[in-house]
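Next comes start27.cif, with mmCIF, C-alpha atoms and all ligand atoms.
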```cif
data_target
loop_
_atom_site.label_atom_id
_atom_site.label_comp_id
_atom_site.auth_asym_id
_atom_site.auth_seq_id
_atom_site.Cartn_x
_atom_site.Cartn_y
_atom_site.Cartn_z
CA MET A 1 -22.79 -6.22 4.74
CA SER A 2 -20.04 -6.77 2.19
CA LYS A 3 -19.82 -5.35 -1.31
CA LEU A 4 -17.60 -6.55 -4.13
CA ASN A 5 -17.99 -3.90 -6.75
CA LYS A 6 -15.27 -1.74 -8.22
CA GLU A 7 -17.80 0.92 -9.30
CA CYS A 8 -19.14 1.11 -5.78
CA LEU A 9 -16.12 1.91 -3.65
CA PRO A 10 -16.76 4.40 -0.86
CA GLU A 11 -15.98 8.07 -1.35
CA GLY A 12 -12.25 8.76 -1.28
CA PHE A 13 -11.25 5.50 -3.03
CA GLN A 14 -10.77 5.27 -6.80
CA TYR A 15 -9.58 2.24 -8.74
CA PHE A 16 -7.78 2.35 -12.12
CA PRO A 17 -7.20 -1.20 -13.42
CA HIS A 18 -4.55 -0.63 -16.10
CA GLY A 19 -2.12 2.01 -14.84
CA ILE A 20 0.85 -0.13 -15.94
CA SER A 21 0.58 -2.82 -18.65
CA PHE A 22 0.28 -6.46 -17.54
CA ASP A 23 3.72 -7.47 -18.91
CA LYS A 24 5.53 -4.43 -17.54
CA SER A 25 3.95 -4.83 -14.12
CA LEU A 26 5.12 -8.46 -13.83
CA ALA A 27 8.61 -7.58 -15.07
CA LEU A 28 8.74 -4.83 -12.47
CA TYR A 29 7.62 -7.26 -9.76
CA ASP A 30 10.53 -9.59 -10.63
CA TYR A 31 13.01 -6.73 -10.77
CA LEU A 32 12.01 -5.26 -7.40
CA CYS A 33 12.18 -8.65 -5.68
CA GLY A 34 15.90 -8.77 -6.45
CA HIS A 35 16.94 -5.11 -6.31
CA LEU A 36 15.77 -3.76 -2.96
CA PRO A 37 17.06 -4.33 0.60
CA TRP A 38 13.86 -5.98 1.84
CA GLN A 39 13.45 -6.25 5.60
CA GLN A 40 11.02 -7.84 8.01
CA PRO A 41 11.03 -5.47 11.00
CA GLU A 42 9.52 -6.19 14.38
CA ILE A 43 6.65 -4.15 15.78
CA ARG A 44 5.13 -4.18 19.23
CA VAL A 45 1.51 -5.35 19.40
CA TYR A 46 -0.16 -5.30 22.84
CA GLY A 47 3.30 -5.21 24.45
CA LYS A 48 4.76 -8.15 22.51
CA LEU A 49 7.28 -7.94 19.66
CA HIS A 50 6.27 -9.59 16.38
CA ARG A 51 7.85 -9.64 12.92
CA ILE A 52 5.50 -8.04 10.41
CA PRO A 53 3.80 -10.69 8.22
CA ARG A 54 5.37 -9.48 4.95
CA LEU A 55 8.60 -7.85 3.79
CA GLN A 56 8.98 -4.11 3.58
CA CYS A 57 11.19 -1.37 2.19
CA PHE A 58 10.89 2.39 2.60
CA ILE A 59 12.26 4.98 0.19
CA ALA A 60 12.15 8.69 0.85
CA ASP A 61 13.65 12.02 -0.08
CA GLN A 62 15.97 13.51 2.52
CA ASN A 63 14.06 14.92 5.49
CA ALA A 64 10.94 12.88 4.78
CA ASN A 65 10.71 10.94 8.02
CA TYR A 66 7.91 8.47 8.50
CA GLY A 67 6.98 5.61 10.77
CA TYR A 68 4.06 3.64 12.14
CA SER A 69 3.31 1.63 15.27
CA GLY A 70 5.70 3.96 17.08
CA LYS A 71 8.68 3.06 14.86
CA GLN A 72 10.58 5.31 12.43
CA LEU A 73 11.41 3.64 9.12
CA ASP A 74 14.97 3.65 7.75
CA SER A 75 14.93 4.78 4.16
CA CYS A 76 16.93 3.68 1.14
CA GLU A 77 17.69 5.19 -2.28
CA TRP A 78 15.17 5.71 -5.08
CA LEU A 79 15.73 3.24 -7.92
CA PRO A 80 15.47 4.97 -11.33
CA VAL A 81 12.41 2.90 -12.31
CA LEU A 82 10.61 3.96 -9.12
CA SER A 83 11.55 7.61 -9.67
CA SER A 84 9.98 7.36 -13.15
CA ILE A 85 6.72 6.03 -11.74
CA ARG A 86 6.76 8.76 -9.13
CA THR A 87 7.20 11.43 -11.85
CA ARG A 88 4.32 10.01 -13.82
CA LEU A 89 2.01 9.87 -10.78
CA GLN A 90 2.96 13.40 -9.79
CA GLN A 91 1.95 14.63 -13.24
CA GLN A 92 -1.23 12.56 -13.24
CA TYR A 93 -2.42 13.51 -9.76
CA GLY A 94 -0.84 16.95 -9.29
CA GLN A 95 0.71 15.90 -5.99
CA ALA A 96 4.40 15.91 -4.98
CA PHE A 97 5.18 12.50 -3.49
CA ASN A 98 8.35 12.40 -1.38
CA ALA A 99 8.09 8.91 0.09
CA LEU A 100 7.31 5.39 -1.02
CA LEU A 101 6.46 2.44 1.21
CA LEU A 102 6.80 -0.95 -0.48
CA ASN A 103 5.27 -4.14 0.88
CA TRP A 104 6.14 -7.56 -0.51
CA TYR A 105 3.56 -10.28 0.22
CA ARG A 106 5.52 -13.43 -0.62
CA ASP A 107 2.32 -15.49 -0.96
CA GLY A 108 -1.25 -15.53 0.35
CA GLN A 109 -0.05 -16.12 3.92
CA ASP A 110 1.47 -12.64 4.07
CA THR A 111 -0.97 -9.94 5.14
CA MET A 112 -1.61 -6.39 6.31
CA GLY A 113 -3.95 -5.92 9.27
CA TRP A 114 -6.74 -3.38 9.63
CA HIS A 115 -5.44 0.18 9.89
CA SER A 116 -5.79 3.71 8.54
CA ASP A 117 -2.87 5.69 7.18
CA ASP A 118 -3.57 8.53 9.56
CA GLU A 119 -0.14 9.29 11.00
CA ARG A 120 0.36 12.97 11.68
CA GLU A 121 3.24 13.25 9.15
CA LEU A 122 0.81 12.42 6.31
CA GLY A 123 -1.31 15.51 6.97
CA ASN A 124 -5.04 15.87 7.40
CA GLU A 125 -6.51 14.39 4.22
CA PRO A 126 -3.57 12.62 2.54
CA MET A 127 -3.52 11.50 -1.06
CA ILE A 128 -1.90 8.06 -1.30
CA VAL A 129 -1.51 6.23 -4.60
CA SER A 130 -1.16 2.47 -4.31
CA VAL A 131 0.30 0.47 -7.22
CA SER A 132 -0.09 -3.33 -7.36
CA LEU A 133 2.40 -5.71 -9.01
CA GLY A 134 2.16 -9.49 -9.22
CA ALA A 135 -0.57 -11.74 -7.82
CA SER A 136 -4.10 -10.35 -7.46
CA ARG A 137 -5.08 -9.85 -3.83
CA LEU A 138 -8.30 -8.82 -2.11
CA PHE A 139 -8.24 -5.41 -0.45
CA LYS A 140 -10.83 -4.72 2.23
CA ILE A 141 -12.21 -1.36 3.27
CA ARG A 142 -14.33 -0.97 6.41
CA ASP A 143 -16.42 1.98 7.53
CA LYS A 144 -15.26 2.88 11.05
CA VAL A 145 -18.80 3.72 12.21
CA THR A 146 -21.20 1.40 10.38
CA ARG A 147 -18.62 -1.47 9.99
CA GLU A 148 -19.88 -1.91 6.41
CA THR A 149 -17.13 -3.70 4.46
CA TYR A 150 -16.13 -3.34 0.83
CA SER A 151 -13.83 -5.73 -1.04
CA ILE A 152 -11.91 -5.06 -4.19
CA LEU A 153 -9.54 -7.32 -6.11
CA LEU A 154 -6.32 -5.39 -6.75
CA GLU A 155 -4.85 -6.66 -10.00
CA THR A 156 -1.34 -6.35 -11.33
CA GLY A 157 -0.64 -2.94 -12.88
CA SER A 158 -3.59 -1.29 -11.14
CA PHE A 159 -3.63 1.99 -9.22
CA LEU A 160 -5.81 2.60 -6.17
CA MET A 161 -6.04 6.22 -5.16
CA MET A 162 -7.01 7.03 -1.58
CA SER A 163 -7.75 10.65 -0.78
CA GLY A 164 -10.17 12.99 0.99
CA ARG A 165 -11.69 11.38 4.10
CA SER A 166 -10.59 7.84 3.17
CA GLN A 167 -8.25 7.58 6.18
CA HIS A 168 -10.61 9.39 8.61
CA ASP A 169 -13.73 7.38 7.90
CA PHE A 170 -12.36 3.99 6.86
CA GLU A 171 -9.79 1.33 7.72
CA HIS A 172 -8.28 -1.01 5.17
CA SER A 173 -6.54 -4.39 5.22
CA LEU A 174 -5.12 -7.13 3.02
CA PRO A 175 -6.38 -10.43 4.45
CA LYS A 176 -4.76 -13.85 4.26
CA GLN A 177 -5.68 -15.83 1.12
CA ALA A 178 -4.35 -19.35 1.64
CA LYS A 179 -4.90 -20.34 -2.00
CA VAL A 180 -2.67 -17.58 -3.40
CA SER A 181 0.77 -19.09 -4.06
CA GLN A 182 2.34 -16.20 -6.01
CA GLY A 183 3.82 -13.01 -4.59
CA ARG A 184 2.66 -9.42 -4.81
CA ILE A 185 4.44 -6.11 -4.28
CA ASN A 186 2.49 -3.02 -3.37
CA LEU A 187 3.90 0.49 -3.72
CA THR A 188 2.27 3.34 -1.83
CA PHE A 189 3.39 6.81 -2.89
CA ARG A 190 2.94 9.30 -0.06
CA THR A 191 3.60 12.90 0.86
CA VAL A 192 5.22 13.15 4.26
CA GLY A 193 5.24 16.54 5.95
O1 LIG A 201 -0.85 -3.96 -0.05
C1 LIG A 201 -1.80 -3.19 -0.04
O2 LIG A 201 -2.52 -3.03 -1.01
C2 LIG A 201 -2.11 -2.44 1.24
C3 LIG A 201 -1.02 -1.53 1.65
C4 LIG A 201 -1.42 -0.68 2.81
O3 LIG A 201 -2.44 -0.88 3.41
C5 LIG A 201 -0.57 0.41 3.23
O4 LIG A 201 0.56 0.54 2.72
O5 LIG A 201 -1.01 1.17 4.10
#
```
Output the structure of this file as structure tokens.
Ligand SMILES: O=C(O)CCC(=O)C(=O)O
Amino acid sequence: MSKLNKECLPEGFQYFPHGISFDKSLALYDYLCGHLPWQQPEIRVYGKLHRIPRLQCFIADQNANYGYSGKQLDSCEWLPVLSSIRTRLQQQYGQAFNALLLNWYRDGQDTMGWHSDDERELGNEPMIVSVSLGASRLFKIRDKVTRETYSILLETGSFLMMSGRSQHDFEHSLPKQAKVSQGRINLTFRTVG
């Protein structure tokens, strides 16, 4: 069963459509495309090395080490505009975020596979705030037990907050959307222990 209903996201997921204004979010998309050292690292999947199907950049305070798929991420410096968003989110959500993972989906061919953000460094019930910039993309959430799937369209300037048991009970993904020709950048603010 699949649901497409922003009011009906499972527990632990909350969507805020207008966290950043439309114009500012698109200007920020353009700025970040040209001002970060984007990389396309390789990860090992079932023993074979593959380049991830998107570009990525990781920013963290000193001593905030984080990785996934068995790989530590190299971090770069906070840009002032990203520090400002972090400050705002910290005030809004009462959480100290010390790391930011950015993913750049150059068009609808770029994706993120099913996973949970359940690495040990994120703690037991992490709060992760995800900010979307650029093209709208579908975000899928799947119950690990019932396999029930939820879909939500993440629009530019929106915030998606994941907290509580969201990473225990659910997986999420960003599927391919062949008709999407524009790019999207996603920022996920995290607290790494
Ligand atoms: O681009 C997105 O909205 C998904 C990002 C994501 O799944 C993650 O950073 O763990």
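Shortest atom-to-atom contact with Tyr68 in chain A among A:Arg120, A:His50, A:Lys179, A:Lys24: A:Arg120, counting all atoms listed in the file.
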Excluding same-chain residues fewer than 4 positions from range 147-161 of chain A, what lies within 6 Å of it counting all atoms listed in the file, as an mmCIF file with C-alpha atoms, in the frame of the given file?
```cif
data_model
loop_
_atom_site.group_PDB
_atom_site.id
_atom_site.type_symbol
_atom_site.label_atom_id
_atom_site.label_comp_id
_atom_site.auth_asym_id
_atom_site.auth_seq_id
_atom_site.Cartn_x
_atom_site.Cartn_y
_atom_site.Cartn_z
ATOM 1 C CA MET A 1 -22.790 -6.220 4.740
ATOM 2 C CA SER A 2 -20.040 -6.770 2.190
ATOM 3 C CA LYS A 3 -19.820 -5.350 -1.310
ATOM 4 C CA LEU A 4 -17.600 -6.550 -4.130
ATOM 5 C CA PHE A 13 -11.250 5.500 -3.030
ATOM 6 C CA GLN A 14 -10.770 5.270 -6.800
ATOM 7 C CA TYR A 15 -9.580 2.240 -8.740
ATOM 8 C CA PHE A 16 -7.780 2.350 -12.120
ATOM 9 C CA PRO A 17 -7.200 -1.200 -13.420
ATOM 10 C CA HIS A 18 -4.550 -0.630 -16.100
ATOM 11 C CA GLY A 19 -2.120 2.010 -14.840
ATOM 12 C CA ILE A 20 0.850 -0.130 -15.940
ATOM 13 C CA SER A 21 0.580 -2.820 -18.650
ATOM 14 C CA PHE A 22 0.280 -6.460 -17.540
ATOM 15 C CA SER A 25 3.950 -4.830 -14.120
ATOM 16 C CA ILE A 128 -1.900 8.060 -1.300
ATOM 17 C CA VAL A 129 -1.510 6.230 -4.600
ATOM 18 C CA SER A 130 -1.160 2.470 -4.310
ATOM 19 C CA VAL A 131 0.300 0.470 -7.220
ATOM 20 C CA SER A 132 -0.090 -3.330 -7.360
ATOM 21 C CA LEU A 133 2.400 -5.710 -9.010
ATOM 22 C CA GLY A 134 2.160 -9.490 -9.220
ATOM 23 C CA SER A 136 -4.100 -10.350 -7.460
ATOM 24 C CA ARG A 137 -5.080 -9.850 -3.830
ATOM 25 C CA LEU A 138 -8.300 -8.820 -2.110
ATOM 26 C CA PHE A 139 -8.240 -5.410 -0.450
ATOM 27 C CA LYS A 140 -10.830 -4.720 2.230
ATOM 28 C CA ILE A 141 -12.210 -1.360 3.270
ATOM 29 C CA ARG A 142 -14.330 -0.970 6.410
ATOM 30 C CA ASP A 143 -16.420 1.980 7.530
#
```
- Message: With all atoms listed in the file as the counted atoms, please give the residues lying no more than 12 Å from Tyr31 in chain A, apart from itself and same-chain residues fewer than 3 positions off, as JSON, numbers by chain.
- Response: {"A": [24, 25, 26, 27, 28, 34, 35, 36, 79, 80, 81, 82, 133, 134, 185]}
- Of the candidates A:Thr111, A:Ser181, A:Gln62, A:Ser75, which shows the shortest atom-to-atom distance to ligand LIG 201 (chain A), using all atoms listed in the file? A:Thr111
- What is the CA of Trp104 in chain A-CA of Arg184 in chain A distance in Å, reported with one decimal? 5.8 Å
- Selection within 6 Å of ligand LIG 201 (chain A) by all atoms listed in the file, output as a PyMOL selection string: chain A and resi 117+173-174+186+188
- Using all atoms listed in the file, which residues sit within 12 Å of Pro53 in chain A once same-chain residues fewer than 6 positions away are excluded, as a list in words? Gln39, Gln40, Pro41, Glu42, Ile43, Asn103, Trp104, Tyr105, Arg106, Asp107, Gly108, Gln109, Asp110, Thr111, Met112, Gly113, Leu174, Pro175 and Lys176 of chain A
- Query: Could you state the separation of CA of Glu171 in chain A and CA of Tyr29 in chain A in Å, given to one decimal place?
  - Reply: 26.1 Å
- Pick from A:Gln72, A:Phe189, A:Trp38, A:His115, whichever lies nearest to Arg88 in chain A using only C-alpha atoms: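 Between A:Gln72, A:Phe189, A:Trp38, A:His115, the residue approaching Arg88 in chain A most closely is A:Phe189.
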- Find the residues with any atom within 10 Å of (0.1, 9.4, 9.4); use all atoms listed in the file and the coordinates as given in the file, and write the answer as a VMD selection string. chain A and resid 66 to 68 116 to 126 167 190 to 193
Generate the coordinates of N, CA, C and O atoms for range 21-34 of chain A; report them as a PDB file, keeping the file's coordinate frame.
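Wrote it out as rebuild_24.pdb, contents follow:
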```pdb
ATOM      1  N   SER A  21       1.021  -1.652 -17.867  1.00  0.00           N
ATOM      2  CA  SER A  21       0.580  -2.820 -18.650  1.00  0.00           C
ATOM      3  C   SER A  21       0.881  -4.111 -17.877  1.00  0.00           C
ATOM      4  O   SER A  21       1.788  -4.152 -17.022  1.00  0.00           O
ATOM      5  N   PHE A  22       0.149  -5.153 -18.206  1.00  0.00           N
ATOM      6  CA  PHE A  22       0.280  -6.460 -17.540  1.00  0.00           C
ATOM      7  C   PHE A  22       1.742  -6.931 -17.571  1.00  0.00           C
ATOM      8  O   PHE A  22       2.337  -7.244 -16.531  1.00  0.00           O
ATOM      9  N   ASP A  23       2.344  -6.938 -18.783  1.00  0.00           N
ATOM     10  CA  ASP A  23       3.720  -7.470 -18.910  1.00  0.00           C
ATOM     11  C   ASP A  23       4.714  -6.632 -18.128  1.00  0.00           C
ATOM     12  O   ASP A  23       5.591  -7.154 -17.435  1.00  0.00           O
ATOM     13  N   LYS A  24       4.579  -5.304 -18.252  1.00  0.00           N
ATOM     14  CA  LYS A  24       5.530  -4.430 -17.540  1.00  0.00           C
ATOM     15  C   LYS A  24       5.384  -4.586 -16.031  1.00  0.00           C
ATOM     16  O   LYS A  24       6.360  -4.547 -15.283  1.00  0.00           O
ATOM     17  N   SER A  25       4.157  -4.750 -15.568  1.00  0.00           N
ATOM     18  CA  SER A  25       3.950  -4.830 -14.120  1.00  0.00           C
ATOM     19  C   SER A  25       4.585  -6.108 -13.556  1.00  0.00           C
ATOM     20  O   SER A  25       5.185  -6.084 -12.485  1.00  0.00           O
ATOM     21  N   LEU A  26       4.507  -7.207 -14.323  1.00  0.00           N
ATOM     22  CA  LEU A  26       5.120  -8.460 -13.830  1.00  0.00           C
ATOM     23  C   LEU A  26       6.635  -8.397 -13.912  1.00  0.00           C
ATOM     24  O   LEU A  26       7.346  -8.901 -13.029  1.00  0.00           O
ATOM     25  N   ALA A  27       7.150  -7.741 -14.969  1.00  0.00           N
ATOM     26  CA  ALA A  27       8.610  -7.580 -15.070  1.00  0.00           C
ATOM     27  C   ALA A  27       9.110  -6.713 -13.914  1.00  0.00           C
ATOM     28  O   ALA A  27      10.163  -6.984 -13.324  1.00  0.00           O
ATOM     29  N   LEU A  28       8.339  -5.707 -13.570  1.00  0.00           N
ATOM     30  CA  LEU A  28       8.740  -4.830 -12.470  1.00  0.00           C
ATOM     31  C   LEU A  28       8.692  -5.576 -11.136  1.00  0.00           C
ATOM     32  O   LEU A  28       9.564  -5.399 -10.271  1.00  0.00           O
ATOM     33  N   TYR A  29       7.689  -6.427 -10.973  1.00  0.00           N
ATOM     34  CA  TYR A  29       7.620  -7.260  -9.760  1.00  0.00           C
ATOM     35  C   TYR A  29       8.929  -8.057  -9.612  1.00  0.00           C
ATOM     36  O   TYR A  29       9.579  -8.030  -8.556  1.00  0.00           O
ATOM     37  N   ASP A  30       9.319  -8.760 -10.693  1.00  0.00           N
ATOM     38  CA  ASP A  30      10.530  -9.590 -10.630  1.00  0.00           C
ATOM     39  C   ASP A  30      11.769  -8.740 -10.314  1.00  0.00           C
ATOM     40  O   ASP A  30      12.617  -9.122  -9.516  1.00  0.00           O
ATOM     41  N   TYR A  31      11.840  -7.607 -10.954  1.00  0.00           N
ATOM     42  CA  TYR A  31      13.010  -6.730 -10.770  1.00  0.00           C
ATOM     43  C   TYR A  31      13.106  -6.257  -9.312  1.00  0.00           C
ATOM     44  O   TYR A  31      14.170  -6.314  -8.687  1.00  0.00           O
ATOM     45  N   LEU A  32      11.980  -5.809  -8.771  1.00  0.00           N
ATOM     46  CA  LEU A  32      12.010  -5.260  -7.400  1.00  0.00           C
ATOM     47  C   LEU A  32      12.322  -6.334  -6.365  1.00  0.00           C
ATOM     48  O   LEU A  32      12.971  -6.055  -5.355  1.00  0.00           O
ATOM     49  N   CYS A  33      11.868  -7.567  -6.631  1.00  0.00           N
ATOM     50  CA  CYS A  33      12.180  -8.650  -5.680  1.00  0.00           C
ATOM     51  C   CYS A  33      13.687  -8.741  -5.460  1.00  0.00           C
ATOM     52  O   CYS A  33      14.150  -8.966  -4.337  1.00  0.00           O
ATOM     53  N   GLY A  34      14.455  -8.556  -6.543  1.00  0.00           N
ATOM     54  CA  GLY A  34      15.900  -8.770  -6.450  1.00  0.00           C
ATOM     55  C   GLY A  34      16.731  -7.521  -6.284  1.00  0.00           C
ATOM     56  O   GLY A  34      17.953  -7.618  -6.172  1.00  0.00           O
TER      57      GLY A  34
END
```
